Amino acid sequence: MKMNRLFSLLASVSLGLAGCGGSSGDTPPPPPPPPPPPVTKIEAVQLLQQASFGFEAGDISAVIAQRQEGWIDSQIALPPSLHLPFVQAVPPPQFQFQLQADRADIWFRHALNADDQLRQRVAFALSEILVTSQLGALNNAPFALADYYDILVRNAFGNYRDLLEEVTLSPAMGVYLSMLGNRKPEPTLNIRPDENYARELMQLFSIGLVELNIDGSEVLENGQPVPTYDQAIIEGFAHVFTGWTWAGSPSFEQARATQQNQVVPMELYEAFHDTGAKLLLNGTTLPPGQGGMQDLDAALDNIFEHPNVGPFISIRLIQRLVTSNPSPGYVQRVAQSFNDNGSGVRGDLAAVIKAILLDDEAHPDMPMEIDGKLKEPLLRVTQVWKAYNATSESGRFPLSFAYILYGQGPLQSASVFNFFSPFYAPPGEIRDASLVSPELQIATEYQNTLFTNLMFYQVFGQNHLSENLQPDDIYIDFSEEMLIADDIDALIDMVAEKLLAGEISDMLRAEITGMLTLIPETDTAVRAAETIYFIATSPEYAYQR
């Protein structure tokens, strides 16, 4: 009201002056708004840590030149770098499981070198939500797993409803959560529909166990959370997911995996689909007599339209990309983008990813207690490798046992619950503050020691100077650091620039300086290796701001 009176007063004075000859002609237009301040190097690196697998000087320059939104838009427009064509082009080995090394190989190649970094990073995040794994029944199905990962890559900026359907009909998911071969009930044979996929689709892939407000907080009745579903609803969805198996089979009961049907959607055999009525979410009941595809479409629509999906998926994507502890406001803003991308479309993942990465909370002006997260082990490895041009004599990264070395690997989770829980809070300060740090669940004493030893071996034993490297040994190149290793401050600055965007604490600098003074100036390789090792194993490097 005061502002309106002030505006009226100013307008009256302006008109009075004009009437008294104070000015003549049209009022000149207001000056254009000042241009936004340039993107700083720190801001560019912050985005790249959230939206890629590492950064080099050229990546930083691209973000600065395009600004954050322009860079994101350009990344979304890039065609997807896929995994399956590479795996299919490998000469057939003696045993199919040997191709898991090639599947890991192309994953690391894309993580380090593909142009579509944002798409690859989002696909990795989705792979930790919509989990399948080579550890178990899929160890001998590398084509199915490569195809599954490509589903995530292709749909990283697509619609979540479409993604849910492709995931549901993927043979990899069908095997992993036992929907493939699931059949209608036959009481005389003691056959009941398998409930595994029905449970995990709701609990882990879409709505969670309890009703949520749009800001991610729990809906309470009489002080207690409200469950999203019960056993009857699980059974209803389990009956929906009947009648599907390997495509192109002579019959439902004779279905077998082949190299060809591992990479196409499962096929419906109507005779094995339950046509009875089925109870779904929110009191919806599917009528009897429908076909299997009609039931499937209606059931996935029923889940997709549940109000939990927006906040549930938003929280998990924010946690994987930006911060372990998003504020309710941050969750709500992203969930609103999920619910409506601005053009009336629900589930647009491109809009969701942009909302996550461009939100003020993703790049706060002032540090907050809930900023950032612990880097996942794979991200710590890929960032070092990218900064130091990691390669091998063969050009391969055949890390089919990455999950043993680093505690995680591409599609190598020990269970459908991912490498760590989104709710994990270690005892102590984090739990006492009602915060979470999911990645700390795998930061065990053993895994941390192993990672530190592996980084030592990488820096000192597998570098561009190392002799007797095997063709598949991955080595790094720190020849640039060696050229300035006689200048301790310049050396520390160079490594800190590549791994910490130049933000190194006085304490860490002092520790490195003390170590380097013990090494003769002429030992340039040792000085360079020590500096990289100190920073790459420091808490400062392990933290993603």
# chains A, B, ... in the order shown; residues from 1 in each chain; ligands from 1
>>> closest_atom_pairs(of="range 166-209 of chain A", to="range 269-272 of chain A", cutoff="10 Å", atoms="only C-alpha atoms", output="Markdown table")
| residue | atom | partner | partner_atom | distance |
| --- | --- | --- | --- | --- |
| A:Gly181 | CA | A:Phe272 | CA | 9.1 |
| A:Asn182 | CA | A:Phe272 | CA | 8.3 |
| A:Arg183 | CA | A:Phe272 | CA | 5.3 |
| A:Lys184 | CA | A:Phe272 | CA | 5.5 |
| A:Pro185 | CA | A:Phe272 | CA | 8.8 |
| A:Glu186 | CA | A:Phe272 | CA | 9.9 |
>>> write_last_selection(atoms="all heavy atoms", output="CSV table (one decimal), in the first residue's frame")
chain,number,residue,atom,x,y,z
A,181,GLY,N,8.8,-64.2,-16.4
A,181,GLY,CA,8.3,-65.5,-16.1
A,181,GLY,C,7.3,-65.5,-15.0
A,181,GLY,O,6.8,-66.6,-14.6
A,182,ASN,N,6.9,-64.3,-14.5
A,182,ASN,CA,5.8,-64.2,-13.5
A,182,ASN,C,4.5,-64.6,-14.2
A,182,ASN,O,4.2,-64.1,-15.3
A,182,ASN,CB,5.8,-62.8,-13.0
A,182,ASN,CG,4.9,-62.6,-11.8
A,182,ASN,OD1,4.7,-63.6,-11.0
A,182,ASN,ND2,4.4,-61.4,-11.5
A,183,ARG,N,3.7,-65.4,-13.6
A,183,ARG,CA,2.5,-66.0,-14.2
A,183,ARG,C,1.3,-65.9,-13.3
A,183,ARG,O,1.4,-65.7,-12.1
A,183,ARG,CB,2.7,-67.4,-14.6
A,183,ARG,CG,3.2,-68.3,-13.5
A,183,ARG,CD,3.7,-69.7,-14.1
A,183,ARG,NE,2.6,-70.5,-14.7
A,183,ARG,CZ,2.8,-71.6,-15.3
A,183,ARG,NH1,4.0,-72.1,-15.4
A,183,ARG,NH2,1.8,-72.3,-15.8
A,184,LYS,N,0.1,-66.0,-13.9
A,184,LYS,CA,-1.1,-65.8,-13.2
A,184,LYS,C,-1.2,-67.0,-12.1
A,184,LYS,O,-0.6,-68.0,-12.2
A,184,LYS,CB,-2.3,-65.9,-14.1
A,184,LYS,CG,-2.5,-67.2,-14.8
A,184,LYS,CD,-3.7,-67.2,-15.8
A,184,LYS,CE,-3.9,-68.5,-16.5
A,184,LYS,NZ,-5.0,-68.4,-17.5
A,185,PRO,N,-2.1,-66.7,-11.1
A,185,PRO,CA,-2.2,-67.8,-10.1
A,185,PRO,C,-2.8,-69.0,-10.6
A,185,PRO,O,-3.7,-69.0,-11.4
A,185,PRO,CB,-3.1,-67.1,-9.0
A,185,PRO,CG,-3.8,-66.0,-9.8
A,185,PRO,CD,-2.9,-65.6,-10.8
A,186,GLU,N,-2.3,-70.1,-10.1
A,186,GLU,CA,-2.9,-71.5,-10.4
A,186,GLU,C,-2.9,-72.2,-9.0
A,186,GLU,O,-1.9,-72.9,-8.7
A,186,GLU,CB,-2.1,-72.2,-11.4
A,186,GLU,CG,-2.2,-71.6,-12.8
A,186,GLU,CD,-1.6,-72.4,-13.9
A,186,GLU,OE1,-1.7,-73.7,-13.8
A,186,GLU,OE2,-0.9,-71.9,-14.8
>>> select_by_dssp(residues="range 288-403 of chain A", states="strand (DSSP E)", output="list in words")
Lys373, Leu374, Thr391 and Ser392 of chain A
>>> closest_residue(among="A:Pro28, A:Pro426, A:Gly158, A:Pro307", to="Arg119 in chain A", atoms="only C-alpha atoms")
A:Gly158
>>> closest_residue(among="A:Ala104, A:Ile303, A:Ile318, A:Val240", to="Arg333 in chain A", atoms="only C-alpha atoms")
A:Ile318
>>> select_by_dssp(residues="range 271-520 of chain A", states="alpha helix (DSSP H)", output="PyMOL selection string")
chain A and resi 292-304+309-321+328-339+349-358+377-387+402-406+429-432+445-461+479-483+488-500+506-516
>>> atom_distance(atom1="CA of Leu280 in chain A", atom2="CA of Ala299 in chain A")
7.1 Å
>>> atom_distance(atom1="CA of Ile42 in chain A", atom2="CA of Ile430 in chain A")
26.5 Å
>>> closest_residue(among="A:Asn308, A:Thr285, A:Asn113, A:Thr258", to="Leu209 in chain A", atoms="only C-alpha atoms")
A:Asn308
>>> atom_distance(atom1="CA of Ser178 in chain A", atom2="CA of Gln262 in chain A")
14.7 Å
>>> residues_around(residues="range 327-330 of chain A", least_positions_apart="4", cutoff="10 Å", atoms="only C-alpha atoms", output="list in words")
Asn213, Ile214, Asp215, Gly216, Ser217, Pro311, Ser314, Ile315, Ile318, Thr323, Val334, Ala335, Ala355, Ile356, Asp359, Asp360, Glu361, Ala362, Ile370 and Asp371 of chain A
>>> closest_residue(among="A:Val331, A:Leu411, A:Val384, A:Leu212", to="Ala144 in chain A", atoms="only C-alpha atoms")
A:Leu411
>>> residues_around(residues="Ala238 in chain A", least_positions_apart="3", cutoff="9 Å", atoms="only C-alpha atoms", output="list in words")
Met179, Asn182, Pro193, Asp194, Glu195, Asn196, Tyr197, Ala198, Arg199, Ile233, Ile234, Glu235, Phe241 and Thr242 of chain A
>>> write_last_selection(atoms="N, CA, C and O atoms", output="short mmCIF file (atom, residue, chain, number, x, y, z; two decimals), in the first residue's frame")
data_model
loop_
_atom_site.label_atom_id
_atom_site.label_comp_id
_atom_site.auth_asym_id
_atom_site.auth_seq_id
_atom_site.Cartn_x
_atom_site.Cartn_y
_atom_site.Cartn_z
N MET A 179 10.21 -60.40 -12.43
CA MET A 179 8.96 -60.22 -13.16
C MET A 179 8.95 -61.12 -14.40
O MET A 179 7.89 -61.59 -14.83
N ASN A 182 6.89 -64.33 -14.54
CA ASN A 182 5.83 -64.23 -13.54
C ASN A 182 4.49 -64.61 -14.21
O ASN A 182 4.18 -64.14 -15.30
N PRO A 193 1.43 -65.15 -8.12
CA PRO A 193 2.27 -64.15 -8.76
C PRO A 193 3.39 -63.66 -7.83
O PRO A 193 3.16 -63.42 -6.63
N ASP A 194 4.56 -63.51 -8.40
CA ASP A 194 5.72 -63.02 -7.64
C ASP A 194 5.52 -61.53 -7.31
O ASP A 194 5.14 -60.74 -8.16
N GLU A 195 5.80 -61.15 -6.07
CA GLU A 195 5.55 -59.78 -5.61
C GLU A 195 6.79 -58.90 -5.62
O GLU A 195 6.72 -57.71 -5.28
N ASN A 196 7.92 -59.43 -6.04
CA ASN A 196 9.18 -58.72 -5.88
C ASN A 196 9.19 -57.39 -6.62
O ASN A 196 9.47 -56.33 -6.04
N TYR A 197 8.90 -57.42 -7.92
CA TYR A 197 8.95 -56.18 -8.69
C TYR A 197 7.88 -55.20 -8.22
O TYR A 197 8.12 -53.98 -8.16
N ALA A 198 6.71 -55.70 -7.89
CA ALA A 198 5.63 -54.82 -7.43
C ALA A 198 6.07 -54.03 -6.20
O ALA A 198 5.81 -52.82 -6.09
N ARG A 199 6.75 -54.69 -5.26
CA ARG A 199 7.22 -54.01 -4.05
C ARG A 199 8.26 -52.95 -4.37
O ARG A 199 8.16 -51.80 -3.94
N ILE A 233 -2.51 -54.04 -2.03
CA ILE A 233 -2.07 -53.28 -3.20
C ILE A 233 -0.84 -53.94 -3.83
O ILE A 233 -0.72 -54.00 -5.06
N ILE A 234 0.07 -54.44 -3.01
CA ILE A 234 1.22 -55.19 -3.55
C ILE A 234 0.73 -56.36 -4.39
O ILE A 234 1.21 -56.59 -5.51
N GLU A 235 -0.24 -57.08 -3.87
CA GLU A 235 -0.77 -58.23 -4.61
C GLU A 235 -1.45 -57.78 -5.90
O GLU A 235 -1.34 -58.44 -6.94
N PHE A 241 1.64 -57.61 -13.22
CA PHE A 241 2.91 -57.95 -13.86
C PHE A 241 3.03 -59.45 -14.11
O PHE A 241 4.04 -60.08 -13.79
N THR A 242 2.00 -60.02 -14.71
CA THR A 242 2.03 -61.44 -15.06
C THR A 242 1.94 -61.61 -16.57
O THR A 242 1.32 -60.80 -17.26
#
>>> closest_residue(among="A:Phe423, A:Tyr388, A:Tyr176, A:Phe460", to="Ser479 in chain A", atoms="only C-alpha atoms")
A:Tyr388
>>> residues_around(residues="range 339-345 of chain A", least_positions_apart="4", cutoff="9 Å", atoms="only C-alpha atoms", output="list in words")
Asn159, Pro307, Val309, Gly310, Val334, Ala335, Leu349, Ala350, Ala351 and Val352 of chain A
>>> residues_around(residues="Ala277 in chain A", least_positions_apart="5", cutoff="8 Å", atoms="only C-alpha atoms", output="PyMOL selection string")
chain A and resi 285-289
>>> residues_around(residues="His83 in chain A", least_positions_apart="6", cutoff="9 Å", atoms="only C-alpha atoms", output="list in words")
Arg103, Ile106, Trp107, His110, Ala146, Asp147, Tyr149 and Asp150 of chain A
>>> write_last_selection(atoms="C-alpha atoms", output="JSON list (two decimals), in the first residue's frame")
[["chain", "number", "residue", "atom", "x", "y", "z"],
["A", 103, "ARG", "CA", 30.68, -53.26, -20.36],
["A", 106, "ILE", "CA", 32.79, -48.50, -22.16],
["A", 107, "TRP", "CA", 31.23, -47.06, -19.00],
["A", 110, "HIS", "CA", 32.14, -42.51, -21.57],
["A", 146, "ALA", "CA", 24.36, -52.80, -21.39],
["A", 147, "ASP", "CA", 20.93, -52.36, -22.93],
["A", 149, "TYR", "CA", 22.05, -48.82, -18.95],
["A", 150, "ASP", "CA", 21.27, -47.40, -22.39]]
>>> closest_residue(among="A:Leu499, A:Ala528, A:Leu126, A:Ile512", to="Asn463 in chain A", atoms="only C-alpha atoms")
A:Ala528
